[in-house]
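Colleague: File protein.csv follows (CSV, C-alpha atoms):
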chain,number,residue,atom,x,y,z
W,1,MET,CA,0.0,0.0,0.0
W,2,ALA,CA,1.3,3.5,-0.9
W,3,TYR,CA,2.3,5.9,1.9
W,4,GLN,CA,1.8,9.6,1.5
W,5,GLU,CA,3.4,12.6,3.1
W,6,VAL,CA,2.1,16.2,2.7
W,7,THR,CA,4.5,19.1,3.1
W,8,LYS,CA,3.8,22.8,3.0
W,9,THR,CA,6.2,25.5,2.0
W,10,SER,CA,5.6,29.1,2.8
W,11,TYR,CA,6.0,31.9,0.3
W,12,GLY,CA,9.0,33.2,2.2
W,13,GLN,CA,10.7,29.8,2.1
W,14,ARG,CA,10.1,29.5,-1.6
W,15,LEU,CA,11.7,32.9,-2.2
W,16,GLY,CA,14.7,31.8,-0.1
W,17,ASN,CA,15.1,28.6,-2.1
W,18,SER,CA,14.8,30.5,-5.3
W,19,ALA,CA,17.4,33.0,-4.2
W,20,ARG,CA,19.8,30.1,-3.4
W,21,GLY,CA,19.0,28.7,-6.8
W,22,ILE,CA,20.6,31.8,-8.4
W,23,VAL,CA,24.0,30.9,-7.0
W,24,THR,CA,23.5,27.2,-7.9
W,25,GLY,CA,22.4,28.1,-11.4
W,26,LEU,CA,25.4,30.4,-11.9
W,27,VAL,CA,27.8,27.7,-10.8
W,28,LEU,CA,26.1,25.2,-13.1
W,29,PHE,CA,26.1,27.6,-16.0
W,30,VAL,CA,29.8,28.2,-15.7
W,31,ALA,CA,30.5,24.4,-15.4
W,32,ALA,CA,28.3,23.5,-18.4
W,33,THR,CA,29.9,26.2,-20.5
W,34,ALA,CA,33.4,24.8,-19.6
W,35,LEU,CA,32.2,21.3,-20.3
W,36,LEU,CA,31.1,22.3,-23.9
W,37,TRP,CA,34.4,24.1,-24.5
W,38,TRP,CA,36.4,21.2,-23.2
W,39,ASN,CA,34.4,18.7,-25.2
W,40,GLU,CA,35.1,20.4,-28.5
W,41,GLY,CA,38.9,20.5,-27.8
W,42,ARG,CA,38.8,16.8,-26.6
W,43,ALA,CA,37.0,15.7,-29.8
W,44,VAL,CA,39.4,17.6,-32.1
W,45,LYS,CA,42.5,16.3,-30.3
W,46,THR,CA,41.2,12.7,-30.3
W,47,SER,CA,40.3,13.0,-34.0
W,48,LYS,CA,43.8,14.4,-34.8
W,49,MET,CA,45.4,11.6,-32.8
W,50,LEU,CA,43.4,9.0,-34.7
W,51,LYS,CA,44.2,10.5,-38.1
W,52,ASP,CA,47.9,10.8,-37.5
W,53,SER,CA,48.3,7.4,-35.7
W,54,GLU,CA,46.5,5.6,-38.5
W,55,LYS,CA,49.2,6.9,-40.9
W,56,GLU,CA,51.9,5.6,-38.6
W,57,CYS,CA,50.3,2.3,-37.6
W,58,VAL,CA,52.0,-0.8,-38.9
W,59,ASP,CA,49.7,-3.7,-39.8
W,60,VAL,CA,51.6,-6.8,-38.6
W,61,ALA,CA,50.5,-10.1,-40.1
W,62,ASP,CA,52.4,-12.3,-37.7
W,63,ILE,CA,53.5,-11.6,-34.1
W,64,SER,CA,54.2,-15.2,-33.1
W,65,THR,CA,57.7,-14.1,-32.2
W,66,VAL,CA,59.2,-10.9,-30.8
W,67,ASP,CA,60.4,-8.6,-33.6
W,68,ALA,CA,63.0,-6.1,-32.4
W,69,SER,CA,62.3,-3.9,-35.5
W,70,LEU,CA,58.8,-3.2,-34.2
W,71,ASN,CA,60.0,-1.8,-30.9
W,72,GLY,CA,58.6,1.7,-30.3
W,73,LYS,CA,56.1,1.4,-33.2
W,74,LEU,CA,52.3,1.6,-33.1
W,75,ILE,CA,51.0,-1.7,-34.5
W,76,HIS,CA,47.8,-3.5,-35.4
W,77,ALA,CA,47.9,-7.2,-34.9
W,78,VAL,CA,45.6,-10.2,-34.5
W,79,ALA,CA,46.5,-13.1,-32.2
W,80,ASP,CA,45.2,-15.4,-29.5
W,81,ALA,CA,45.2,-14.2,-25.9
W,82,LYS,CA,45.7,-17.1,-23.5
W,83,THR,CA,47.2,-18.1,-20.2
W,84,ASP,CA,48.2,-21.2,-18.3
W,85,GLU,CA,47.6,-19.5,-14.9
W,86,ILE,CA,45.0,-20.8,-12.4
W,87,LEU,CA,43.0,-18.0,-10.8
W,88,THR,CA,41.7,-18.4,-7.3
W,89,ASP,CA,38.9,-16.7,-5.4
W,90,PRO,CA,40.3,-16.9,-1.9
W,91,THR,CA,36.9,-16.3,-0.3
W,92,TYR,CA,35.3,-19.4,-1.9
W,93,GLY,CA,38.3,-21.3,-3.0
W,94,ILE,CA,37.1,-21.4,-6.6
W,95,GLN,CA,39.9,-22.2,-9.1
W,96,VAL,CA,39.7,-21.7,-12.9
W,97,ASN,CA,42.2,-21.6,-15.7
W,98,ALA,CA,41.2,-18.2,-17.1
W,99,ILE,CA,42.5,-14.8,-18.0
W,100,ARG,CA,40.0,-13.1,-15.6
W,101,LEU,CA,37.7,-14.3,-12.8
W,102,THR,CA,34.9,-12.0,-11.4
W,103,ARG,CA,32.3,-12.3,-8.7
W,104,GLU,CA,29.3,-10.0,-8.5
W,105,VAL,CA,27.2,-9.8,-5.4
W,106,GLU,CA,23.5,-8.8,-5.3
W,107,TYR,CA,21.1,-8.5,-2.3
W,108,TYR,CA,17.3,-9.0,-2.3
W,109,GLN,CA,16.0,-5.9,-0.6
W,110,TRP,CA,13.0,-3.6,-0.2
W,111,VAL,CA,13.5,-0.5,-2.3
W,112,GLU,CA,11.7,2.8,-1.8
W,113,HIS,CA,10.3,4.7,-4.8
W,114,SER,CA,8.7,8.1,-4.6
W,115,THR,CA,6.6,10.4,-6.8
W,116,SER,CA,5.7,14.0,-5.9
W,117,GLU,CA,2.9,16.3,-7.0
W,118,SER,CA,2.9,20.0,-6.0
W,119,LYS,CA,0.1,22.5,-6.0
W,120,ASP,CA,0.5,26.3,-5.7
W,121,LYS,CA,-1.7,28.1,-3.2
W,122,ILE,CA,-3.1,31.6,-3.3
W,123,GLY,CA,-0.6,33.8,-1.5
W,124,GLY,CA,2.5,32.0,-2.8
W,125,GLY,CA,2.6,28.9,-0.6
W,126,GLN,CA,2.9,25.4,-2.0
W,127,GLU,CA,1.6,22.0,-0.9
W,128,THR,CA,3.5,18.9,-2.0
W,129,VAL,CA,2.1,15.4,-1.8
W,130,THR,CA,4.8,12.7,-1.9
W,131,THR,CA,3.7,9.1,-2.5
W,132,TYR,CA,6.1,6.4,-1.4
W,133,THR,CA,5.9,2.8,-2.8
W,134,TYR,CA,8.0,-0.2,-2.0
W,135,SER,CA,9.1,-3.2,-4.0
W,136,LYS,CA,11.5,-6.2,-3.6
W,137,GLU,CA,14.5,-6.0,-6.0
W,138,TRP,CA,17.9,-7.5,-6.5
W,139,VAL,CA,20.4,-4.6,-5.9
W,140,GLY,CA,24.2,-4.2,-5.8
W,141,SER,CA,24.5,-3.2,-2.2
W,142,PRO,CA,22.4,-3.5,1.0
W,143,VAL,CA,19.7,-0.8,1.4
W,144,ASN,CA,19.3,1.0,4.7
W,145,SER,CA,15.6,0.7,5.4
W,146,ASN,CA,15.9,2.7,8.6
W,147,ASN,CA,15.6,5.9,6.5
W,148,PHE,CA,12.3,4.7,4.8
W,149,HIS,CA,9.4,7.2,5.2
W,150,ASP,CA,6.7,4.6,5.8
W,151,PRO,CA,7.0,3.4,9.4
W,152,ASP,CA,5.8,-0.1,8.4
W,153,TYR,CA,8.9,-0.6,6.2
W,154,GLN,CA,11.4,1.0,8.5
W,155,GLY,CA,14.0,-1.7,9.5
W,156,ALA,CA,12.4,-4.2,7.1
W,157,ASN,CA,15.7,-5.0,5.3
W,158,THR,CA,18.2,-7.6,6.6
W,159,VAL,CA,21.0,-9.5,4.9
W,160,ARG,CA,22.2,-13.0,5.4
W,161,THR,CA,25.8,-12.0,4.7
W,162,THR,CA,27.9,-9.2,3.3
W,163,ILE,CA,30.4,-9.9,0.5
W,164,GLU,CA,32.4,-7.6,-1.7
W,165,ASP,CA,32.5,-7.7,-5.5
W,166,ALA,CA,35.9,-8.9,-6.7
W,167,SER,CA,37.9,-9.3,-9.9
W,168,PHE,CA,41.1,-11.4,-10.4
W,169,ALA,CA,43.3,-11.2,-13.5
W,170,ALA,CA,46.2,-13.4,-14.7
W,171,LYS,CA,49.6,-11.8,-14.6
W,172,ASN,CA,51.0,-13.6,-17.6
W,173,VAL,CA,48.7,-13.5,-20.6
W,174,SER,CA,50.5,-14.4,-23.9
W,175,TYR,CA,49.6,-12.7,-27.2
W,176,GLY,CA,51.5,-14.4,-29.9
W,177,GLY,CA,55.1,-14.0,-28.9
W,178,TYR,CA,54.3,-11.0,-26.6
W,179,VAL,CA,52.7,-10.5,-23.2
W,180,LEU,CA,49.7,-8.3,-22.7
W,181,PRO,CA,49.9,-5.5,-20.1
W,182,ASP,CA,47.5,-5.4,-17.2
W,183,ASN,CA,45.3,-2.7,-18.8
W,184,LEU,CA,44.6,-4.8,-21.9
W,185,VAL,CA,44.1,-7.9,-19.8
W,186,ARG,CA,41.4,-6.2,-17.8
W,187,SER,CA,39.7,-5.0,-20.9
W,188,ILE,CA,39.0,-8.6,-21.9
W,189,PRO,CA,35.3,-9.2,-21.0
W,190,ALA,CA,34.4,-12.0,-18.6
W,191,GLU,CA,31.5,-13.6,-20.4
W,192,THR,CA,31.7,-17.3,-19.6
W,193,PRO,CA,29.8,-18.6,-16.6
W,194,VAL,CA,32.0,-20.5,-14.0
W,195,ASN,CA,30.8,-24.0,-13.4
W,196,LEU,CA,30.6,-24.1,-9.6
W,197,PRO,CA,31.1,-27.3,-7.7
W,198,GLN,CA,28.0,-28.6,-5.9
W,199,SER,CA,30.0,-29.0,-2.7
W,200,LEU,CA,30.3,-25.2,-2.6
W,201,GLY,CA,26.6,-25.0,-1.5
W,202,ASP,CA,26.7,-27.6,1.2
W,203,GLY,CA,26.3,-25.1,4.0
W,204,TYR,CA,23.0,-24.2,5.7
W,205,GLU,CA,20.6,-22.6,3.2
W,206,VAL,CA,23.4,-22.1,0.7
W,207,PHE,CA,22.8,-23.5,-2.8
W,208,ALA,CA,25.0,-23.6,-5.9
W,209,GLN,CA,23.2,-23.5,-9.3
W,210,GLY,CA,25.3,-23.2,-12.4
W,211,ASN,CA,27.5,-20.2,-11.9
W,212,VAL,CA,25.4,-18.6,-9.1
W,213,LEU,CA,25.8,-19.2,-5.3
W,214,TYR,CA,22.6,-18.5,-3.4
W,215,TYR,CA,22.3,-17.6,0.3
W,216,GLY,CA,18.6,-18.4,0.7
W,217,THR,CA,16.1,-20.0,-1.6
W,218,PRO,CA,16.9,-19.7,-5.3
W,219,ASN,CA,13.3,-20.2,-6.7
W,220,SER,CA,11.5,-18.0,-4.1
W,221,PRO,CA,13.9,-15.4,-2.7
W,222,ALA,CA,13.1,-13.6,0.5
W,223,VAL,CA,14.3,-10.2,1.8
W,224,GLY,CA,17.9,-10.6,3.0
W,225,ASP,CA,18.9,-13.3,0.5
W,226,VAL,CA,22.2,-12.9,-1.3
W,227,ARG,CA,23.4,-14.3,-4.6
W,228,VAL,CA,26.9,-14.3,-6.0
W,229,THR,CA,27.5,-14.7,-9.7
W,230,PHE,CA,30.9,-15.9,-11.0
W,231,MET,CA,32.1,-15.3,-14.5
W,232,GLN,CA,35.4,-15.9,-16.3
W,233,ALA,CA,37.2,-14.6,-19.4
W,234,ASP,CA,38.7,-17.4,-21.5
W,235,GLY,CA,40.4,-15.2,-24.0
W,236,GLY,CA,40.7,-16.2,-27.6
W,237,THR,CA,41.3,-14.3,-30.8
W,238,ALA,CA,41.7,-10.6,-30.2
W,239,SER,CA,42.8,-7.5,-32.2
W,240,ILE,CA,44.9,-4.7,-30.8
W,241,LEU,CA,46.1,-1.2,-31.5
W,242,ALA,CA,49.1,-0.5,-29.3
W,243,LYS,CA,52.7,0.6,-29.2
W,244,VAL,CA,55.3,-2.2,-28.9
W,245,LYS,CA,57.6,-1.9,-25.9
W,246,GLY,CA,60.0,-4.8,-25.8
W,247,ASN,CA,58.0,-8.0,-25.5
W,248,THR,CA,54.8,-6.2,-24.3
W,249,PHE,CA,52.7,-3.1,-25.2
W,250,GLU,CA,52.1,0.4,-24.0
W,251,PRO,CA,49.8,3.2,-25.0
W,252,TYR,CA,50.7,5.2,-28.1
W,253,THR,CA,50.7,8.9,-27.1
W,254,HIS,CA,50.2,11.7,-29.6
W,255,LYS,CA,52.1,15.0,-29.3
W,256,ASN,CA,48.7,16.6,-28.2
W,257,GLY,CA,48.6,14.3,-25.2
W,258,LYS,CA,45.8,11.9,-26.4
W,259,SER,CA,46.7,8.2,-26.2
W,260,LEU,CA,45.6,5.0,-27.9
W,261,CYS,CA,45.8,1.4,-26.6
W,262,VAL,CA,42.9,-0.8,-27.5
W,263,LEU,CA,42.0,-4.4,-27.5
W,264,SER,CA,38.9,-5.8,-29.2
W,265,MET,CA,37.8,-9.4,-29.2
W,266,GLY,CA,37.6,-11.1,-32.6
W,267,ASN,CA,39.5,-10.8,-35.8
W,268,ARG,CA,39.2,-7.1,-36.8
W,269,SER,CA,41.1,-5.3,-39.4
W,270,MET,CA,43.0,-2.1,-38.7
W,271,GLU,CA,40.4,-0.1,-40.7
W,272,GLU,CA,37.6,-1.6,-38.7
W,273,MET,CA,39.3,-0.8,-35.4
W,274,TYR,CA,40.0,2.8,-36.4
W,275,GLU,CA,36.4,3.3,-37.7
W,276,ALA,CA,35.1,2.0,-34.3
W,277,GLN,CA,37.4,4.5,-32.5
W,278,LYS,CA,36.2,7.4,-34.7
W,279,ALA,CA,32.6,6.5,-34.2
W,280,ALA,CA,33.1,6.3,-30.4
W,281,ASN,CA,34.7,9.8,-30.5
W,282,LYS,CA,31.8,11.2,-32.5
W,283,PHE,CA,29.2,9.6,-30.3
W,284,MET,CA,30.9,11.0,-27.2
W,285,LEU,CA,31.1,14.5,-28.8
W,286,TRP,CA,27.4,14.6,-29.4
W,287,LEU,CA,26.5,13.0,-26.1
W,288,ILE,CA,28.4,15.7,-24.2
W,289,ARG,CA,27.1,18.4,-26.5
W,290,ILE,CA,23.5,17.5,-25.7
W,291,LEU,CA,24.2,17.1,-22.0
W,292,GLY,CA,25.9,20.6,-22.0
W,293,ILE,CA,23.0,22.2,-23.7
W,294,ILE,CA,20.5,20.7,-21.2
W,295,LEU,CA,22.7,21.8,-18.3
W,296,ILE,CA,22.9,25.3,-19.5
W,297,ILE,CA,19.2,25.6,-20.0
W,298,ALA,CA,18.6,24.1,-16.5
W,299,ALA,CA,21.1,26.6,-15.1
W,300,LEU,CA,19.4,29.6,-16.6
W,301,ARG,CA,16.0,28.2,-15.4
W,302,ALA,CA,17.4,28.0,-11.8
W,303,MET,CA,18.8,31.5,-12.1
W,304,PHE,CA,15.5,33.0,-13.2
W,305,SER,CA,13.2,30.8,-11.2
W,306,ILE,CA,12.9,33.6,-8.6
W,307,LEU,CA,10.9,35.6,-11.1
W,308,VAL,CA,8.4,32.8,-11.3
W,309,THR,CA,8.3,32.4,-7.5
W,310,ILE,CA,7.5,36.1,-7.1
W,311,LEU,CA,4.5,35.6,-9.3
W,312,LYS,CA,3.3,32.6,-7.3
W,313,VAL,CA,1.1,34.9,-5.2
W,314,LEU,CA,-1.4,34.4,-8.0
W,315,PRO,CA,-1.0,30.8,-9.4
W,316,PRO,CA,-2.7,31.5,-12.8
W,317,LEU,CA,-0.3,34.4,-13.4
W,318,ALA,CA,2.6,32.3,-12.3
W,319,LYS,CA,1.8,29.7,-14.9
W,320,VAL,CA,1.9,32.2,-17.7
W,321,GLY,CA,5.2,33.6,-16.4
W,322,GLU,CA,6.7,30.2,-16.0
W,323,LEU,CA,5.8,29.3,-19.5
W,324,GLY,CA,7.4,32.5,-20.8
W,325,ILE,CA,10.6,32.0,-18.7
W,326,ASN,CA,10.9,28.4,-19.8
W,327,LEU,CA,10.7,29.5,-23.4
W,328,VAL,CA,13.1,32.3,-23.0
W,329,THR,CA,15.7,30.3,-21.1
W,330,ALA,CA,15.4,27.5,-23.6
W,331,VAL,CA,16.1,29.8,-26.5
W,332,VAL,CA,18.8,31.8,-24.8
W,333,GLY,CA,20.5,28.6,-23.5
W,334,PHE,CA,20.5,27.0,-26.9
W,335,ILE,CA,21.9,30.1,-28.5
W,336,TRP,CA,24.6,30.5,-25.8
W,337,ALA,CA,25.6,26.8,-26.3
W,338,LEU,CA,25.9,27.3,-30.0
W,339,LEU,CA,28.0,30.4,-29.5
W,340,VAL,CA,30.4,28.5,-27.2
W,341,ILE,CA,30.7,25.7,-29.7
W,342,LEU,CA,31.2,28.2,-32.5
W,343,VAL,CA,34.0,30.0,-30.7
W,344,ALA,CA,35.5,26.7,-29.7
W,345,TRP,CA,35.6,25.8,-33.4
W,346,VAL,CA,37.4,29.0,-34.2
W,347,VAL,CA,40.0,28.0,-31.6
W,348,TRP,CA,40.2,24.3,-32.2
W,349,ARG,CA,39.2,24.1,-35.9
W,350,PRO,CA,40.2,27.5,-37.3
W,351,VAL,CA,40.4,26.3,-41.0
W,352,LEU,CA,37.0,24.7,-40.9
W,353,ALA,CA,35.5,27.6,-39.0
W,354,ILE,CA,36.9,30.1,-41.6
W,355,VAL,CA,35.5,28.0,-44.4
W,356,LEU,CA,32.1,27.8,-42.8
W,357,ALA,CA,32.1,31.6,-42.1
W,358,VAL,CA,33.0,32.3,-45.7
W,359,VAL,CA,30.3,30.1,-47.0
W,360,ILE,CA,27.7,31.7,-44.7
W,361,CYS,CA,28.8,35.2,-45.7
W,362,LEU,CA,28.6,34.3,-49.4
W,363,LEU,CA,25.2,32.8,-48.8
W,364,VAL,CA,23.9,35.9,-47.0
W,365,ALA,CA,25.3,38.2,-49.7
W,366,PHE,CA,23.7,36.1,-52.4
W,367,LEU,CA,20.3,36.3,-50.6
W,368,ILE,CA,20.6,40.1,-50.1
W,369,THR,CA,21.6,40.6,-53.7
W,370,LYS,CA,18.7,38.4,-54.9
W,371,SER,CA,16.2,40.3,-52.8
W,372,LYS,CA,17.4,43.7,-54.1
W,373,LYS,CA,16.9,42.6,-57.7
W,374,ALA,CA,13.2,42.6,-57.6
W,375,PRO,CA,11.7,41.3,-60.9
W,376,GLU,CA,10.5,44.1,-63.2
W,377,PRO,CA,6.8,44.1,-63.8
W,378,ALA,CA,5.8,42.6,-67.2
W,379,PRO,CA,4.8,45.3,-69.8
W,380,GLU,CA,1.1,45.7,-70.2
W,381,ALA,CA,-0.4,44.4,-73.5
W,382,PRO,CA,-1.7,47.2,-75.8
W,383,ALA,CA,-5.3,47.8,-75.5
W,384,ALA,CA,-7.4,46.7,-78.4
W,385,PRO,CA,-8.6,49.6,-80.7
W,386,ALA,CA,-12.1,50.7,-79.9
W,387,ALA,CA,-14.7,49.8,-82.5
W,388,PRO,CA,-16.0,52.8,-84.5
W,389,ALA,CA,-19.1,54.4,-83.1
W,390,ALA,CA,-22.2,53.8,-85.1
W,391,PRO,CA,-23.5,57.0,-86.8
W,392,GLU,CA,-26.2,58.8,-85.0
W,393,VAL,CA,-29.6,58.7,-86.7
W,394,THR,CA,-32.0,61.5,-86.0
W,395,VAL,CA,-35.6,60.5,-86.4
W,396,THR,CA,-37.9,63.5,-87.1
W,397,PRO,CA,-41.5,62.7,-86.3
W,398,ALA,CA,-43.9,63.3,-89.2
W,399,ALA,CA,-46.3,66.2,-89.0
W,400,PRO,CA,-49.8,65.2,-88.2
W,401,GLU,CA,-52.1,64.9,-91.2
W,402,ALA,CA,-54.8,67.6,-91.5
W,403,PRO,CA,-58.3,66.3,-91.0
W,404,LYS,CA,-60.3,65.9,-94.2
W,405,THR,CA,-63.4,68.3,-94.7
W,406,ASP,CA,-66.8,67.3,-96.2
W,407,ALA,CA,-66.0,69.3,-99.3
W,408,GLU,CA,-63.1,67.1,-100.0
Re-express the file's structure as structure tokens.
Modeller:
Amino acid sequence: MAYQEVTKTSYGQRLGNSARGIVTGLVLFVAATALLWWNEGRAVKTSKMLKDSEKECVDVADISTVDASLNGKLIHAVADAKTDEILTDPTYGIQVNAIRLTREVEYYQWVEHSTSESKDKIGGGQETVTTYTYSKEWVGSPVNSNNFHDPDYQGANTVRTTIEDASFAAKNVSYGGYVLPDNLVRSIPAETPVNLPQSLGDGYEVFAQGNVLYYGTPNSPAVGDVRVTFMQADGGTASILAKVKGNTFEPYTHKNGKSLCVLSMGNRSMEEMYEAQKAANKFMLWLIRILGIILIIAALRAMFSILVTILKVLPPLAKVGELGINLVTAVVGFIWALLVILVAWVVWRPVLAIVLAVVICLLVAFLITKSKKAPEPAPEAPAAPAAPAAPEVTVTPAAPEAPKTDAE
């Protein structure tokens, strides 16, 4: 059953909160602007690094043996990543021959969810109704139910045991005639379930099923139950872009500070790997751009929210004001973000920015010239000659005939 709380905020409190929002909004505005600026520089530097490194990269067909001539060079290669090491989870004594071994712990807990609905009152006050609901879910860490709002659920969560997530990696992973460094070893995904021994679940209310160890009842979990999932990375064919250093690899670092050291599972050509890196860079560029624009608009909204709060004395008037401020802040925020990106382009991509500026100027000049040359009106067709007027005919009425006399 849902639990509700009603809170009331006075007009003075709302004004105070809005005043503090001006400072928060200003800080957020500066941070979002800096984020947009940094993002443009990051994307340009990464793009430059990828372009230059692709020209330098050596596509090595066979790295089954260490080649001294490759030392210090950026290479692309395809080989099998494998190891003879036995990894051990010391907590459970699980042993597997794998490149990586991971354990992920989850707890079955009550989780609190909330939704709020606020109503403005005449005079500037506000009444907020918050509804709290609760559901049982598998989560990554124990939930402190003592802070729940509904007294019926306070203290409802327990856990049978507390275990930390863990990851173990082999120290000697061969890659052809070379050895993979730790950063590339840990980038190999652990996707194979570990086959747990049944004896691992012989304890009281501890069950092992497949690669999952349950503390509780697997088919009908109760609050407090814990499950531990074990996965391993077996390795296999992998492709890399990295700089050779002796019998191992290190990141390639461009003169602008950006680095490249990538491992991708499967047989992937150098072109495919570079295209994937370029696509990732472009995706990150637009993701941060959109985030920055949203943050700038939110910052402006927070800075000018006090104007809406002042109008809250009359809720209908406040709704109109809020609509107007939302529209203005959205437009101004979007324009500001575009200006920041444009100026960043001038700094980070001057040639492209100049070309675009020239194209825009030429386009504007063309449109202005086109508008000034208004089309001349078409000459009027000569009027057809008027038909000659019919001659006027004057009709004179005949004189009345004299009356005849008897003598006639």
Colleague: Could you name the residues that touch range 42-52 of chain W at 9 Å or less, counting only C-alpha atoms, but leaving out those on the same chain fewer than 4 positions away, as number ranges by chain?
Modeller: W: 37-38, 56-57, 253-260, 274, 277-278, 281-282, 284-285, 348-349
Colleague: Could you work out how far CA of Ala31 in chain W lies from CA of Gly324 in chain W, giving the answer in Å with one decimal?
Modeller: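 Value for the CA of Gly324 in chain W-CA of Ala31 in chain W distance: 25.1 Å.
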Colleague: With distances taken over all atoms listed in the file, which of W:Gln95, W:Tyr252, W:Phe207, W:Gly176 is nearest to Asn195 in chain W?
Modeller: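 Nearest candidate to Asn195 in chain W out of W:Gln95, W:Tyr252, W:Phe207, W:Gly176: W:Gln95.
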Colleague: Between W:Ser64, W:Thr9, W:Thr115, W:Asn183, which is the closest to Ala77 in chain W once you count only C-alpha atoms?
Modeller: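 Of W:Ser64, W:Thr9, W:Thr115, W:Asn183, the one nearest Ala77 in chain W, counting only C-alpha atoms, is W:Ser64.
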Colleague: Between W:Leu213, W:Val129, W:Ile122, W:Met231, single out the one closest to Leu314 in chain W, counting all atoms listed in the file.
Modeller: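 Ranking W:Leu213, W:Val129, W:Ile122, W:Met231 by distance to Leu314 in chain W, first place goes to W:Ile122.
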Colleague: Using all atoms listed in the file - which residues lie no farther than 10 Å from the point (31.8, -25.9, -8.3) in the file's frame? Write them as an NGL selection string.
Modeller: :W and (92-95 or 194-201 or 208-213)
Colleague: Taking into account only C-alpha atoms, which residue in the set W:Asn219, W:Ser10, W:Asn247, W:Thr162 is nearest to Lys121 in chain W?
Modeller: W:Ser10
Colleague: For a test of reading the model, state the distance in Å between CA of Lys73 in chain W and CA of Ala169 in chain W, rounded to one decimal.
Modeller: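 For CA of Lys73 in chain W relative to CA of Ala169 in chain W, the distance reads 26.7 Å.
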Colleague: Rank nothing, just name the residue among W:Val328, W:Val185, W:Leu36, W:Leu28 nearest to Trp345 in chain W, using only C-alpha atoms.
Modeller: W:Leu36
Colleague: Could you tell me which of W:Phe249, W:Phe304, W:Tyr11, W:Phe283 comes closest to Gln126 in chain W if we count only C-alpha atoms?
Modeller: W:Tyr11
Colleague: Quick one: residues within 12 Å of Asn146 in chain W, all atoms listed in the file, excluding same-chain residues fewer than 4 positions away - as a list in words?
Modeller: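 Counting all atoms listed in the file, the residues come to Trp110, Val111, Glu112, Pro142, Asp150, Pro151, Asp152, Tyr153, Gln154, Gly155, Ala156, Asn157 and Thr158 of chain W.
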Colleague: Tell me which protein, DNA and RNA residues are within 9 Å of Ile22 in chain W, counting all atoms listed in the file, leaving out same-chain ones fewer than 4 positions away, and put them as number ranges by chain.
Modeller: W: 17-18, 26-27, 299-300, 302-306
Colleague: In Å, rounded to a single decimal, give me how far CA of Ile86 in chain W is from CA of Thr161 in chain W.
Modeller: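 Calculated distance between CA of Thr161 in chain W and CA of Ile86 in chain W is 27.2 Å.
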Colleague: Need the neighbours of (59.0, -1.7, -26.7): which residues are at most 8 Å away, counting only C-alpha atoms, as a list of chain:residue names?
Modeller: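 Output of the proximity query reads W:Leu70, W:Asn71, W:Gly72, W:Lys73, W:Lys243, W:Val244, W:Lys245, W:Gly246, W:Asn247, W:Thr248, W:Phe249, W:Glu250.
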Colleague: Render range 4-22 of chain W from the structure in the preceding block as a file of C-alpha atoms, as an mmCIF file, in the first residue's frame.
Modeller:
data_model
loop_
_atom_site.group_PDB
_atom_site.id
_atom_site.type_symbol
_atom_site.label_atom_id
_atom_site.label_comp_id
_atom_site.auth_asym_id
_atom_site.auth_seq_id
_atom_site.Cartn_x
_atom_site.Cartn_y
_atom_site.Cartn_z
ATOM 1 C CA GLN W 4 1.839 9.607 1.467
ATOM 2 C CA GLU W 5 3.357 12.644 3.120
ATOM 3 C CA VAL W 6 2.100 16.204 2.748
ATOM 4 C CA THR W 7 4.550 19.067 3.148
ATOM 5 C CA LYS W 8 3.770 22.771 3.020
ATOM 6 C CA THR W 9 6.229 25.455 1.986
ATOM 7 C CA SER W 10 5.572 29.099 2.788
ATOM 8 C CA TYR W 11 6.006 31.893 0.296
ATOM 9 C CA GLY W 12 9.045 33.177 2.179
ATOM 10 C CA GLN W 13 10.704 29.753 2.143
ATOM 11 C CA ARG W 14 10.130 29.464 -1.593
ATOM 12 C CA LEU W 15 11.693 32.873 -2.183
ATOM 13 C CA GLY W 16 14.695 31.818 -0.111
ATOM 14 C CA ASN W 17 15.083 28.582 -2.064
ATOM 15 C CA SER W 18 14.849 30.485 -5.349
ATOM 16 C CA ALA W 19 17.450 32.992 -4.179
ATOM 17 C CA ARG W 20 19.840 30.143 -3.397
ATOM 18 C CA GLY W 21 18.993 28.724 -6.812
ATOM 19 C CA ILE W 22 20.557 31.822 -8.420
#
